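As stored in target35.csv (CSV, C-alpha atoms):
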```csv
chain,number,residue,atom,x,y,z
A,1,MET,CA,0.0,0.0,0.0
A,2,GLU,CA,1.1,3.5,-0.7
A,3,ARG,CA,-0.4,6.7,0.7
A,4,LYS,CA,-0.6,9.8,-1.4
A,5,THR,CA,-1.5,13.4,-0.8
A,6,LEU,CA,-3.4,15.6,-3.2
A,7,THR,CA,-2.6,19.3,-3.0
A,8,ILE,CA,-4.7,21.9,-4.8
A,9,ASN,CA,-3.3,25.4,-5.4
A,10,TYR,CA,-5.5,28.4,-5.8
A,11,VAL,CA,-5.4,32.2,-5.3
A,12,ARG,CA,-8.0,33.8,-3.0
A,13,TYR,CA,-9.0,37.5,-3.2
A,14,SER,CA,-11.2,39.3,-0.7
A,15,SER,CA,-12.8,41.5,-3.3
A,16,PRO,CA,-12.8,42.1,-7.1
A,17,ASP,CA,-10.7,45.2,-6.5
A,18,GLU,CA,-7.7,43.0,-5.6
A,19,MET,CA,-7.9,41.0,-8.8
A,20,PRO,CA,-5.9,41.6,-12.0
A,21,GLU,CA,-7.9,43.8,-14.4
A,22,ASP,CA,-8.6,41.0,-17.0
A,23,ASP,CA,-9.9,38.6,-14.3
A,24,ARG,CA,-12.0,41.4,-12.7
A,25,LYS,CA,-13.6,42.2,-16.1
A,26,LEU,CA,-14.4,38.6,-16.8
A,27,LEU,CA,-16.0,38.3,-13.4
A,28,MET,CA,-18.1,41.4,-14.0
A,29,CYS,CA,-19.2,39.9,-17.3
A,30,ALA,CA,-20.5,36.9,-15.3
A,31,VAL,CA,-22.3,39.3,-13.0
A,32,GLU,CA,-23.9,40.9,-16.0
A,33,ALA,CA,-24.8,37.5,-17.5
A,34,SER,CA,-26.7,36.6,-14.3
A,35,GLY,CA,-29.3,39.1,-15.3
A,36,SER,CA,-30.3,36.7,-18.1
A,37,SER,CA,-30.9,33.9,-15.6
A,38,TYR,CA,-34.3,32.2,-15.6
A,39,ALA,CA,-34.6,30.9,-12.0
A,40,PRO,CA,-38.2,31.2,-10.9
A,41,PHE,CA,-37.9,28.0,-8.8
A,42,SER,CA,-34.6,28.3,-7.0
A,43,ARG,CA,-34.2,32.1,-7.3
A,44,TYR,CA,-30.5,31.4,-7.5
A,45,HIS,CA,-29.3,33.5,-10.5
A,46,VAL,CA,-26.0,32.3,-11.8
A,47,GLY,CA,-24.0,33.9,-14.6
A,48,ALA,CA,-20.9,32.7,-16.4
A,49,ALA,CA,-18.5,34.3,-18.8
A,50,VAL,CA,-16.1,32.3,-21.0
A,51,LEU,CA,-12.9,33.9,-22.3
A,52,LEU,CA,-11.8,32.6,-25.7
A,53,SER,CA,-8.3,32.6,-27.2
A,54,ASP,CA,-9.0,35.7,-29.4
A,55,GLY,CA,-10.4,37.7,-26.5
A,56,THR,CA,-14.0,37.1,-27.2
A,57,VAL,CA,-16.2,36.7,-24.2
A,58,VAL,CA,-19.3,34.4,-24.3
A,59,LYS,CA,-21.9,34.7,-21.6
A,60,GLY,CA,-24.4,32.2,-20.2
A,61,ALA,CA,-26.9,32.1,-17.4
A,62,ASN,CA,-28.7,29.3,-15.7
A,63,GLN,CA,-32.1,28.3,-17.2
A,64,GLU,CA,-34.5,26.4,-15.0
A,65,ASN,CA,-37.5,24.4,-16.1
A,66,ALA,CA,-40.7,23.2,-14.3
A,67,ALA,CA,-39.8,19.8,-15.7
A,68,PHE,CA,-36.8,19.5,-13.4
A,69,PRO,CA,-34.0,18.6,-14.2
A,70,SER,CA,-34.6,19.9,-17.8
A,71,GLY,CA,-32.8,23.2,-17.1
A,72,LEU,CA,-29.1,24.0,-17.6
A,73,CYS,CA,-26.4,25.6,-15.5
A,74,ALA,CA,-24.8,28.9,-16.5
A,75,GLU,CA,-21.4,27.3,-17.0
A,76,ARG,CA,-22.7,24.8,-19.6
A,77,THR,CA,-24.9,27.4,-21.2
A,78,ALA,CA,-21.8,29.6,-21.8
A,79,LEU,CA,-19.4,26.8,-22.7
A,80,PHE,CA,-21.8,25.1,-25.2
A,81,ALA,CA,-22.6,28.5,-26.8
A,82,ALA,CA,-18.8,29.2,-27.1
A,83,HIS,CA,-18.1,25.9,-28.7
A,84,ALA,CA,-21.1,26.2,-31.1
A,85,GLY,CA,-20.4,29.7,-32.1
A,86,TYR,CA,-16.6,29.7,-32.1
A,87,PRO,CA,-15.6,26.0,-32.7
A,88,ASP,CA,-12.0,26.8,-33.7
A,89,LEU,CA,-11.3,29.1,-30.7
A,90,ALA,CA,-9.9,27.6,-27.4
A,91,VAL,CA,-11.4,28.4,-24.1
A,92,ARG,CA,-8.9,30.2,-21.9
A,93,ALA,CA,-10.9,31.0,-18.7
A,94,ILE,CA,-14.4,31.0,-17.2
A,95,ALA,CA,-15.8,33.2,-14.4
A,96,VAL,CA,-18.9,32.1,-12.5
A,97,THR,CA,-20.9,33.9,-9.9
A,98,ALA,CA,-24.4,34.0,-8.3
A,99,CYS,CA,-26.3,37.3,-7.9
A,100,ARG,CA,-29.4,38.8,-6.4
A,101,HIS,CA,-30.6,42.1,-7.9
A,102,GLY,CA,-27.3,42.4,-9.9
A,103,ARG,CA,-25.0,42.0,-6.9
A,104,MET,CA,-22.9,39.0,-6.1
A,105,LEU,CA,-23.9,36.8,-3.3
A,106,SER,CA,-21.4,36.5,-0.4
A,107,GLU,CA,-20.2,33.0,-1.3
A,108,PRO,CA,-18.9,31.8,-4.6
A,109,ALA,CA,-21.1,29.8,-7.0
A,110,TRP,CA,-19.3,26.5,-7.3
A,111,PRO,CA,-19.6,24.6,-10.6
A,112,CYS,CA,-21.6,21.3,-10.2
A,113,GLY,CA,-20.0,18.0,-11.1
A,114,ALA,CA,-21.6,18.0,-14.6
A,115,CYS,CA,-20.2,21.5,-15.3
A,116,ARG,CA,-16.8,20.4,-14.1
A,117,GLN,CA,-16.8,17.5,-16.5
A,118,VAL,CA,-17.8,19.8,-19.4
A,119,LEU,CA,-14.9,22.1,-18.3
A,120,ALA,CA,-12.6,19.1,-18.4
A,121,GLU,CA,-13.7,18.4,-22.0
A,122,SER,CA,-13.2,22.1,-22.9
A,123,GLN,CA,-9.7,22.0,-21.5
A,124,LYS,CA,-8.9,18.9,-23.5
A,125,ARG,CA,-10.3,20.5,-26.7
A,126,ALA,CA,-8.3,23.6,-26.0
A,127,GLY,CA,-5.0,21.7,-25.4
A,128,ASN,CA,-4.2,24.2,-22.7
A,129,PRO,CA,-5.2,24.9,-19.1
A,130,VAL,CA,-8.6,26.6,-18.6
A,131,ARG,CA,-8.5,29.0,-15.6
A,132,ILE,CA,-11.6,29.0,-13.4
A,133,ILE,CA,-12.7,32.0,-11.4
A,134,VAL,CA,-15.5,31.5,-8.9
A,135,GLY,CA,-16.7,34.7,-7.4
A,136,GLY,CA,-18.6,35.9,-4.3
A,137,LYS,CA,-18.8,39.3,-2.7
A,138,ASP,CA,-16.6,38.2,0.2
A,139,ARG,CA,-14.2,36.0,-1.6
A,140,ILE,CA,-13.1,35.1,-5.1
A,141,ILE,CA,-11.1,31.9,-5.8
A,142,VAL,CA,-9.0,31.4,-8.9
A,143,PHE,CA,-7.8,28.0,-10.1
A,144,SER,CA,-5.1,27.7,-12.8
A,145,CYS,CA,-6.7,24.7,-14.4
A,146,VAL,CA,-9.7,22.3,-14.4
A,147,ASP,CA,-7.6,19.6,-12.7
A,148,ASP,CA,-7.7,21.7,-9.5
A,149,VAL,CA,-11.5,21.5,-9.2
A,150,LEU,CA,-11.8,18.0,-10.8
A,151,PRO,CA,-8.8,15.9,-9.8
A,152,PHE,CA,-8.6,12.5,-11.6
A,153,ILE,CA,-10.4,13.9,-14.6
A,154,PHE,CA,-12.1,11.4,-17.0
A,155,ASP,CA,-11.0,12.7,-20.4
A,156,GLY,CA,-11.7,9.6,-22.5
A,157,SER,CA,-8.0,8.8,-22.9
A,158,ALA,CA,-8.4,5.5,-21.1
A,159,MET,CA,-10.7,4.3,-23.9
A,160,ASP,CA,-7.9,4.6,-26.4
A,161,LYS,CA,-5.8,1.9,-24.6
```

Exercise: express the given structure as structure tokens:
Amino acid sequence: MERKTLTINYVRYSSPDEMPEDDRKLLMCAVEASGSSYAPFSRYHVGAAVLLSDGTVVKGANQENAAFPSGLCAERTALFAAHAGYPDLAVRAIAVTACRHGRMLSEPAWPCGACRQVLAESQKRAGNPVRIIVGGKDRIIVFSCVDDVLPFIFDGSAMDK
């Protein structure tokens, strides 16, 4: 038997004002995107903003449905729109936040497992790390790649063996 330790590195900011300008702008795009959320059931309005390799930003918001679970998270809405509209551009980063009345909630909006798996596929397609910014009013966490939020990623490579 062999014991291992998994270490996850990230950067924590206390407010958007502490962030590098590019990251802050992407997070504010996610705040803006939350305004397009359709969340009459949970009232949890999530916005996401995806940064592509050419600087294009694609926004998405969660979309709920009375026939639960037919809705879709903000992260997947933005990522699928980015891949459909710009199939040749790599995803470089994504920012995610939850808001009420256009203001970030205190705690970050963490991507669900399904969104993390789609992020893993986006990172594989991009051939480079995808940065993840999860923002809340009281703290913002930045991960340098998807591996830090989804260790032991299933990327399909095992099927090739």

Polymer residues at most 9 Å from Gly135 in chain A, all atoms listed in the file, same-chain spacing of 3 or more positions, as a list in words: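 Those residues are Ser15, Pro16, Leu27, Ala95, Val96, Thr97, Ala98, Met104, Leu105, Ser106, Glu107, Pro108, Ala109, Trp110, Asp138, Arg139, Ile140, Ile141 and Val142 of chain A.
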
Best match for closeness to Ala84 in chain A among A:Met1, A:Glu32, A:Pro111, A:Val58, counting all atoms listed in the file: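 Looking only at the distances to Ala84 in chain A, the closest residue turns out to be A:Val58.
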
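Closest approach to Phe41 in chain A among A:Ala61, A:Ala66, A:Leu150, A:Leu89 is made by A:Ala66 (distances from only C-alpha atoms).
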
Interface rows for range 14-115 of chain A against range 126-133 of chain A: nearest pair, Å to one decimal, 6 Å, only C-alpha atoms, as JSON lines:
```
{"residue": "A:Ala90", "atom": "CA", "partner": "A:Ala126", "partner_atom": "CA", "distance": 4.5}
{"residue": "A:Arg92", "atom": "CA", "partner": "A:Val130", "partner_atom": "CA", "distance": 4.9}
{"residue": "A:Ala93", "atom": "CA", "partner": "A:Arg131", "partner_atom": "CA", "distance": 4.4}
{"residue": "A:Ile94", "atom": "CA", "partner": "A:Ile132", "partner_atom": "CA", "distance": 5.1}
{"residue": "A:Ala95", "atom": "CA", "partner": "A:Ile133", "partner_atom": "CA", "distance": 4.5}
```

Gap from CA of Arg100 in chain A to CA of Leu72 in chain A - Å, one decimal: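 Distance between the two atoms: 18.6 Å.
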
Protein/DNA/RNA residues near (-20.6, 16.0, -22.1), cut 12 Å, all atoms listed in the file, as a ChimeraX atom specification: /A:76,79-80,113-122,154-156

Gap from CA of Cys29 in chain A to CA of Glu64 in chain A - Å, one decimal: 20.5 Å

CA of Ser14 in chain A to CA of Met28 in chain A, straight-line distance in Å: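 Distance reported for this atom pair: 15.1 Å.
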